[in-house]
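*Asks:* Pasting data39.pdb here (PDB, C-alpha atoms):
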MODEL        1
ATOM      1  CA  MET A  69      82.767  67.764  34.244
ATOM      2  CA  SER A  70      80.449  64.816  34.458
ATOM      3  CA  SER A  71      77.511  64.923  36.820
ATOM      4  CA  THR A  72      78.848  62.084  39.008
ATOM      5  CA  ARG A  73      82.173  63.884  39.488
ATOM      6  CA  LEU A  74      80.280  67.064  40.313
ATOM      7  CA  ILE A  75      78.174  65.279  42.938
ATOM      8  CA  GLN A  76      81.280  63.665  44.451
ATOM      9  CA  HIS A  77      82.965  67.079  44.532
ATOM     10  CA  ILE A  78      79.960  68.556  46.350
ATOM     11  CA  ARG A  79      79.862  65.703  48.884
ATOM     12  CA  THR A  80      83.575  65.971  49.679
ATOM     13  CA  ARG A  81      83.764  69.693  50.186
ATOM     14  CA  PRO A  82      87.099  70.956  51.472
ATOM     15  CA  GLN A  83      87.329  71.716  55.173
ATOM     16  CA  PRO A  84      88.721  75.090  56.214
ATOM     17  CA  PRO A  85      91.985  75.061  58.152
ATOM     18  CA  THR A  86      91.687  74.383  61.884
ATOM     19  CA  PRO A  87      92.808  77.878  63.021
ATOM     20  CA  ILE A  88      90.121  79.493  60.865
ATOM     21  CA  LEU A  89      87.532  77.073  62.212
ATOM     22  CA  ALA A  90      88.600  77.767  65.810
ATOM     23  CA  CYS A  91      88.531  81.553  65.299
ATOM     24  CA  SER A  92      85.067  81.374  63.745
ATOM     25  CA  LYS A  93      83.764  79.292  66.673
ATOM     26  CA  VAL A  94      85.188  81.782  69.173
ATOM     27  CA  PHE A  95      83.663  84.666  67.221
ATOM     28  CA  LEU A  96      80.279  82.906  67.147
ATOM     29  CA  CYS A  97      80.445  82.415  70.922
ATOM     30  CA  VAL A  98      81.065  86.113  71.674
ATOM     31  CA  MET A  99      77.504  87.237  70.917
ATOM     32  CA  PRO A 100      75.752  84.583  73.067
ATOM     33  CA  ILE A 101      78.104  85.316  75.959
ATOM     34  CA  ALA A 102      77.338  89.038  75.648
ATOM     35  CA  GLN A 103      73.601  88.277  75.519
ATOM     36  CA  ILE A 104      73.819  86.179  78.682
ATOM     37  CA  ALA A 105      75.888  88.822  80.483
ATOM     38  CA  ILE A 106      73.700  91.795  79.576
ATOM     39  CA  GLY A 107      70.495  89.866  80.278
ATOM     40  CA  ALA A 108      71.787  88.741  83.677
ATOM     41  CA  VAL A 109      73.150  92.153  84.697
ATOM     42  CA  HIS A 110      69.895  93.912  83.765
ATOM     43  CA  LEU A 111      67.512  91.130  84.805
ATOM     44  CA  TYR A 112      65.209  93.461  86.760
ATOM     45  CA  ASP A 113      65.855  96.661  84.801
ATOM     46  CA  CYS A 114      62.951  96.519  82.379
ATOM     47  CA  PRO A 115      59.565  96.582  84.102
ATOM     48  CA  ARG A 116      58.036  97.759  80.802
ATOM     49  CA  GLN A 117      58.695  94.302  79.308
ATOM     50  CA  ARG A 118      60.131  91.939  81.870
ATOM     51  CA  TYR A 119      60.724  89.178  79.308
ATOM     52  CA  ILE A 120      63.457  91.033  77.375
ATOM     53  CA  PRO A 121      66.320  90.150  79.767
ATOM     54  CA  ILE A 122      65.003  86.586  80.022
ATOM     55  CA  TYR A 123      64.872  86.449  76.219
ATOM     56  CA  LEU A 124      68.521  87.525  76.021
ATOM     57  CA  ILE A 125      69.651  84.966  78.591
ATOM     58  CA  VAL A 126      67.774  82.066  76.976
ATOM     59  CA  VAL A 127      68.809  82.899  73.413
ATOM     60  CA  GLY A 128      72.401  83.307  74.599
ATOM     61  CA  VAL A 129      72.454  79.985  76.453
ATOM     62  CA  PHE A 130      70.895  78.035  73.605
ATOM     63  CA  GLY A 131      73.089  79.764  71.012
ATOM     64  CA  LEU A 132      76.149  78.854  73.056
ATOM     65  CA  VAL A 133      74.939  75.258  73.427
ATOM     66  CA  LEU A 134      74.471  74.980  69.652
ATOM     67  CA  ALA A 135      77.920  76.432  68.999
ATOM     68  CA  LEU A 136      79.547  74.063  71.477
ATOM     69  CA  LEU A 137      77.633  71.033  70.193
ATOM     70  CA  SER A 138      78.881  71.720  66.686
ATOM     71  CA  CYS A 139      82.421  71.130  67.985
ATOM     72  CA  LEU A 140      81.647  67.606  69.176
ATOM     73  CA  PRO A 141      82.636  64.669  66.965
ATOM     74  CA  CYS A 142      79.062  63.355  66.947
ATOM     75  CA  ALA A 143      77.942  66.455  65.058
ATOM     76  CA  LYS A 144      80.061  65.556  62.039
ATOM     77  CA  GLN A 145      79.003  63.036  59.415
ATOM     78  CA  PRO A 146      81.277  59.993  59.090
ATOM     79  CA  LYS A 147      83.371  59.728  55.917
ATOM     80  CA  ASP A 148      81.718  56.481  54.819
ATOM     81  CA  GLY A 149      78.255  58.023  54.821
ATOM     82  CA  GLU A 150      76.855  55.682  57.456
ATOM     83  CA  SER A 151      75.194  57.394  60.390
ATOM     84  CA  ASN A 152      75.598  55.992  63.862
ATOM     85  CA  PRO A 153      72.928  56.337  66.583
ATOM     86  CA  LEU A 154      74.917  59.064  68.353
ATOM     87  CA  SER A 155      75.041  61.245  65.251
ATOM     88  CA  ARG A 156      71.272  60.812  64.827
ATOM     89  CA  VAL A 157      70.743  61.895  68.444
ATOM     90  CA  CYS A 158      72.981  64.926  67.861
ATOM     91  CA  ALA A 159      71.142  65.800  64.649
ATOM     92  CA  THR A 160      67.775  65.469  66.392
ATOM     93  CA  TRP A 161      68.959  67.593  69.320
ATOM     94  CA  ASN A 162      70.330  70.268  66.960
ATOM     95  CA  SER A 163      67.054  70.303  65.033
ATOM     96  CA  LEU A 164      64.920  70.621  68.168
ATOM     97  CA  THR A 165      67.177  73.311  69.602
ATOM     98  CA  SER A 166      67.135  75.244  66.332
ATOM     99  CA  PHE A 167      63.343  75.019  66.174
ATOM    100  CA  PHE A 168      63.069  76.235  69.768
ATOM    101  CA  LEU A 169      65.435  79.133  69.009
ATOM    102  CA  PHE A 170      63.352  80.064  65.962
ATOM    103  CA  CYS A 171      60.154  80.148  68.049
ATOM    104  CA  TRP A 172      61.924  82.003  70.866
ATOM    105  CA  PHE A 173      63.251  84.520  68.339
ATOM    106  CA  ILE A 174      59.704  85.236  67.168
ATOM    107  CA  ALA A 175      58.572  85.738  70.767
ATOM    108  CA  GLY A 176      61.552  88.036  71.368
ATOM    109  CA  ASN A 177      60.583  90.076  68.325
ATOM    110  CA  VAL A 178      57.140  90.623  69.797
ATOM    111  CA  TRP A 179      58.536  91.611  73.189
ATOM    112  CA  ILE A 180      61.203  93.933  71.806
ATOM    113  CA  TYR A 181      59.427  95.639  68.916
ATOM    114  CA  SER A 182      56.088  96.001  70.729
ATOM    115  CA  ILE A 183      57.551  98.554  73.148
ATOM    116  CA  TYR A 184      59.758 100.350  70.614
ATOM    117  CA  GLN A 185      61.205 103.479  72.091
ATOM    118  CA  PRO A 186      60.433 102.752  75.708
ATOM    119  CA  ASN A 187      60.930 105.227  78.481
ATOM    120  CA  TYR A 188      64.632 104.923  79.410
ATOM    121  CA  ASP A 189      64.446 107.164  82.472
ATOM    122  CA  LYS A 190      64.318 105.109  85.650
ATOM    123  CA  ASN A 191      63.756 108.061  87.997
ATOM    124  CA  THR A 192      60.827 109.614  86.215
ATOM    125  CA  THR A 193      57.568 110.304  87.991
ATOM    126  CA  ASP A 194      55.752 109.138  84.872
ATOM    127  CA  LYS A 195      53.385 106.213  85.263
ATOM    128  CA  ASP A 196      54.945 104.692  82.138
ATOM    129  CA  PRO A 197      57.351 101.920  83.226
ATOM    130  CA  TYR A 198      60.936 102.231  82.032
ATOM    131  CA  CYS A 199      63.386  99.870  80.348
ATOM    132  CA  ASP A 200      67.139 100.172  80.778
ATOM    133  CA  ARG A 201      68.683 101.830  77.724
ATOM    134  CA  THR A 202      71.634  99.421  77.391
ATOM    135  CA  LEU A 203      69.437  96.360  77.783
ATOM    136  CA  TYR A 204      66.798  97.485  75.322
ATOM    137  CA  LEU A 205      69.129  98.810  72.652
ATOM    138  CA  PHE A 206      71.319  95.696  72.841
ATOM    139  CA  ALA A 207      68.285  93.429  72.475
ATOM    140  CA  PHE A 208      66.883  95.634  69.703
ATOM    141  CA  TRP A 209      70.087  95.729  67.662
ATOM    142  CA  THR A 210      70.996  92.061  68.088
ATOM    143  CA  THR A 211      67.524  91.145  66.878
ATOM    144  CA  THR A 212      67.717  93.630  64.031
ATOM    145  CA  LEU A 213      71.188  92.305  63.144
ATOM    146  CA  VAL A 214      69.640  88.888  62.499
ATOM    147  CA  TYR A 215      67.344  90.476  59.907
ATOM    148  CA  ILE A 216      70.207  92.417  58.348
ATOM    149  CA  LEU A 217      72.348  89.272  58.036
ATOM    150  CA  LEU A 218      69.406  87.288  56.687
ATOM    151  CA  GLY A 219      68.840  89.950  54.044
ATOM    152  CA  LEU A 220      72.530  89.964  53.098
ATOM    153  CA  PHE A 221      72.599  86.159  52.811
ATOM    154  CA  LEU A 222      69.470  86.182  50.646
ATOM    155  CA  LEU A 223      70.897  88.941  48.445
ATOM    156  CA  GLY A 224      74.204  87.091  48.142
ATOM    157  CA  GLY A 225      72.398  83.853  47.311
ATOM    158  CA  CYS A 226      70.297  85.546  44.637
ATOM    159  CA  CYS A 227      73.397  87.182  43.135
ATOM    160  CA  THR A 228      75.174  83.812  43.128
ATOM    161  CA  LEU A 229      72.231  82.152  41.386
ATOM    162  CA  VAL A 230      72.106  84.913  38.782
ATOM    163  CA  CYS A 231      75.858  84.535  38.200
ATOM    164  CA  PHE A 232      75.486  80.771  37.808
ATOM    165  CA  PHE A 233      72.614  81.268  35.408
ATOM    166  CA  VAL A 234      74.343  83.931  33.316
ATOM    167  CA  CYS A 235      77.943  82.677  33.416
ATOM    168  CA  GLY A 236      77.448  78.968  33.875
ATOM    169  CA  ARG A 237      75.330  78.041  30.905
ATOM    170  CA  ALA A 238      76.295  74.670  29.493
ATOM    171  CA  ASP A 239      77.656  74.450  26.010
ATOM    172  CA  PRO A 240      75.657  72.230  23.642
ATOM    173  CA  ASP A 241      78.641  69.911  23.233
ATOM    174  CA  ASP A 242      78.970  69.178  26.983
ATOM    175  CA  ASP A 243      77.949  65.697  28.145
ATOM    176  CA  ILE A 244      75.573  66.544  30.959
TER     177      ILE A 244
ENDMDL
END
Can you give me the file's structure in the form of structure tokens?
*Replies:*
Amino acid sequence: MSSTRLIQHIRTRPQPPTPILACSKVFLCVMPIAQIAIGAVHLYDCPRQRYIPIYLIVVGVFGLVLALLSCLPCAKQPKDGESNPLSRVCATWNSLTSFFLFCWFIAGNVWIYSIYQPNYDKNTTDKDPYCDRTLYLFAFWTTTLVYILLGLFLLGGCCTLVCFFVCGRADPDDDI
């Protein structure tokens, strides 16, 4: 395969069927909705670290906004390769939102992991402030899930690169 055909094949990647795309969008919206709901229900249930429910609400709202913005036509590149001003605005907004979410995620890591294994008992006479068990464990595991998925993606990417390197070596008679 010539290099120009390969580049054209990469640029015109096949789109998944619409039902699969719709199901994946709905699945990606479930976690932000759960984060918003749990953060809102337990807004005042973590005096030990009062920013954890706020963290969940904000990350849920912005995650939902990103998922919904990806459905808009302005988020997709035109077929002819030209970018219109609206698509540039959408790309800029997505970039800024993603950067904010990255920074917010780091702050959430500090808030969640700094109080690891908080006191879950609300009615204790201890001077140590409590944090609701459901709220904390949900925040802890959703944050940890990001690291698990990141590790799996990196492992999969490394395995793919190794497979390409081992199995995809060019023959000397190929015109590349």
*Asks:* My list of candidates is A:Cys231, A:Val157, A:Cys226, A:Ile180. Which is closest to Thr210 of chain A when distances are computed with all atoms listed in the file?
*Replies:*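 Nearest candidate to Thr210 of chain A out of A:Cys231, A:Val157, A:Cys226, A:Ile180: A:Ile180.
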*Asks:* Using atom CA of Asn152 of chain A and atom CA of Leu137 of chain A as the two end points, give the distance in Å to one decimal.
*Replies:* 16.4 Å
*Asks:* Would you mind telling me which residue in A:Tyr119, A:Phe130, A:Phe95, A:Phe233 lies nearest to Phe170 of chain A when using all atoms listed in the file?
*Replies:*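 When distances to Phe170 of chain A are compared using all atoms listed in the file, the smallest one comes from A:Phe130.
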*Asks:* One decimal, in Å: what's the spacing between atom CA of Lys190 of chain A and atom CA of Ile122 of chain A?
*Replies:*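 We find that atom CA of Lys190 of chain A and atom CA of Ile122 of chain A lie 19.4 Å from each other.
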*Asks:* Find the distance between atom CA of Gly128 of chain A and atom CA of Ala207 of chain A and write it in Å to one decimal.
*Replies:* 11.1 Å
*Asks:* Please evaluate the PyMOL selection byres ((chain A and resi 177) around 10) against the structure above and give the resulting residues as a ChimeraX atom specification.
*Replies:* /A:120,123,171-176,178-182,207-208,211-212
*Asks:* Between A:Gly236, A:Trp161, A:Thr202, A:Cys227, which residue has the minimum interatomic distance to His110 of chain A, considering only C-alpha atoms?
*Replies:*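 Residue with the minimum atom-to-atom distance to His110 of chain A: A:Thr202.
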*Asks:* Convert the output of the PyMOL selection byres ((chain A and resi 98-107) around 12) on the shown file into explicit residues, formatted as a ChimeraX atom specification.
*Replies:* /A:91-97,108-114,118-136,200-211,213-214
*Asks:* Output C-alpha atoms of each residue in that selection to a file, as a short mmCIF file (atom, residue, chain, number, x, y, z; two decimals), keeping the file's coordinate frame.
*Replies:*
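Output contents, as saved in selection05.cif:
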data_model
loop_
_atom_site.label_atom_id
_atom_site.label_comp_id
_atom_site.auth_asym_id
_atom_site.auth_seq_id
_atom_site.Cartn_x
_atom_site.Cartn_y
_atom_site.Cartn_z
CA CYS A 91 88.53 81.55 65.30
CA SER A 92 85.07 81.37 63.74
CA LYS A 93 83.76 79.29 66.67
CA VAL A 94 85.19 81.78 69.17
CA PHE A 95 83.66 84.67 67.22
CA LEU A 96 80.28 82.91 67.15
CA CYS A 97 80.44 82.42 70.92
CA ALA A 108 71.79 88.74 83.68
CA VAL A 109 73.15 92.15 84.70
CA HIS A 110 69.90 93.91 83.76
CA LEU A 111 67.51 91.13 84.80
CA TYR A 112 65.21 93.46 86.76
CA ASP A 113 65.86 96.66 84.80
CA CYS A 114 62.95 96.52 82.38
CA ARG A 118 60.13 91.94 81.87
CA TYR A 119 60.72 89.18 79.31
CA ILE A 120 63.46 91.03 77.38
CA PRO A 121 66.32 90.15 79.77
CA ILE A 122 65.00 86.59 80.02
CA TYR A 123 64.87 86.45 76.22
CA LEU A 124 68.52 87.52 76.02
CA ILE A 125 69.65 84.97 78.59
CA VAL A 126 67.77 82.07 76.98
CA VAL A 127 68.81 82.90 73.41
CA GLY A 128 72.40 83.31 74.60
CA VAL A 129 72.45 79.98 76.45
CA PHE A 130 70.90 78.04 73.60
CA GLY A 131 73.09 79.76 71.01
CA LEU A 132 76.15 78.85 73.06
CA VAL A 133 74.94 75.26 73.43
CA LEU A 134 74.47 74.98 69.65
CA ALA A 135 77.92 76.43 69.00
CA LEU A 136 79.55 74.06 71.48
CA ASP A 200 67.14 100.17 80.78
CA ARG A 201 68.68 101.83 77.72
CA THR A 202 71.63 99.42 77.39
CA LEU A 203 69.44 96.36 77.78
CA TYR A 204 66.80 97.48 75.32
CA LEU A 205 69.13 98.81 72.65
CA PHE A 206 71.32 95.70 72.84
CA ALA A 207 68.28 93.43 72.47
CA PHE A 208 66.88 95.63 69.70
CA TRP A 209 70.09 95.73 67.66
CA THR A 210 71.00 92.06 68.09
CA THR A 211 67.52 91.14 66.88
CA LEU A 213 71.19 92.30 63.14
CA VAL A 214 69.64 88.89 62.50
#
*Asks:* From the set A:Leu223, A:Thr86, A:Arg116, A:Tyr184, which residue has the shortest atom-to-atom contact distance to Cys199 of chain A, counting only C-alpha atoms?
*Replies:*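 Closest residue, counting only C-alpha atoms: A:Arg116.
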*Asks:* Using only C-alpha atoms, find the one residue out of A:Gln117, A:Leu169, A:Cys139, A:Arg156 that sits nearest to Pro186 of chain A.
*Replies:*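 Going through A:Gln117, A:Leu169, A:Cys139, A:Arg156 one by one, the smallest distance to Pro186 of chain A is for A:Gln117.
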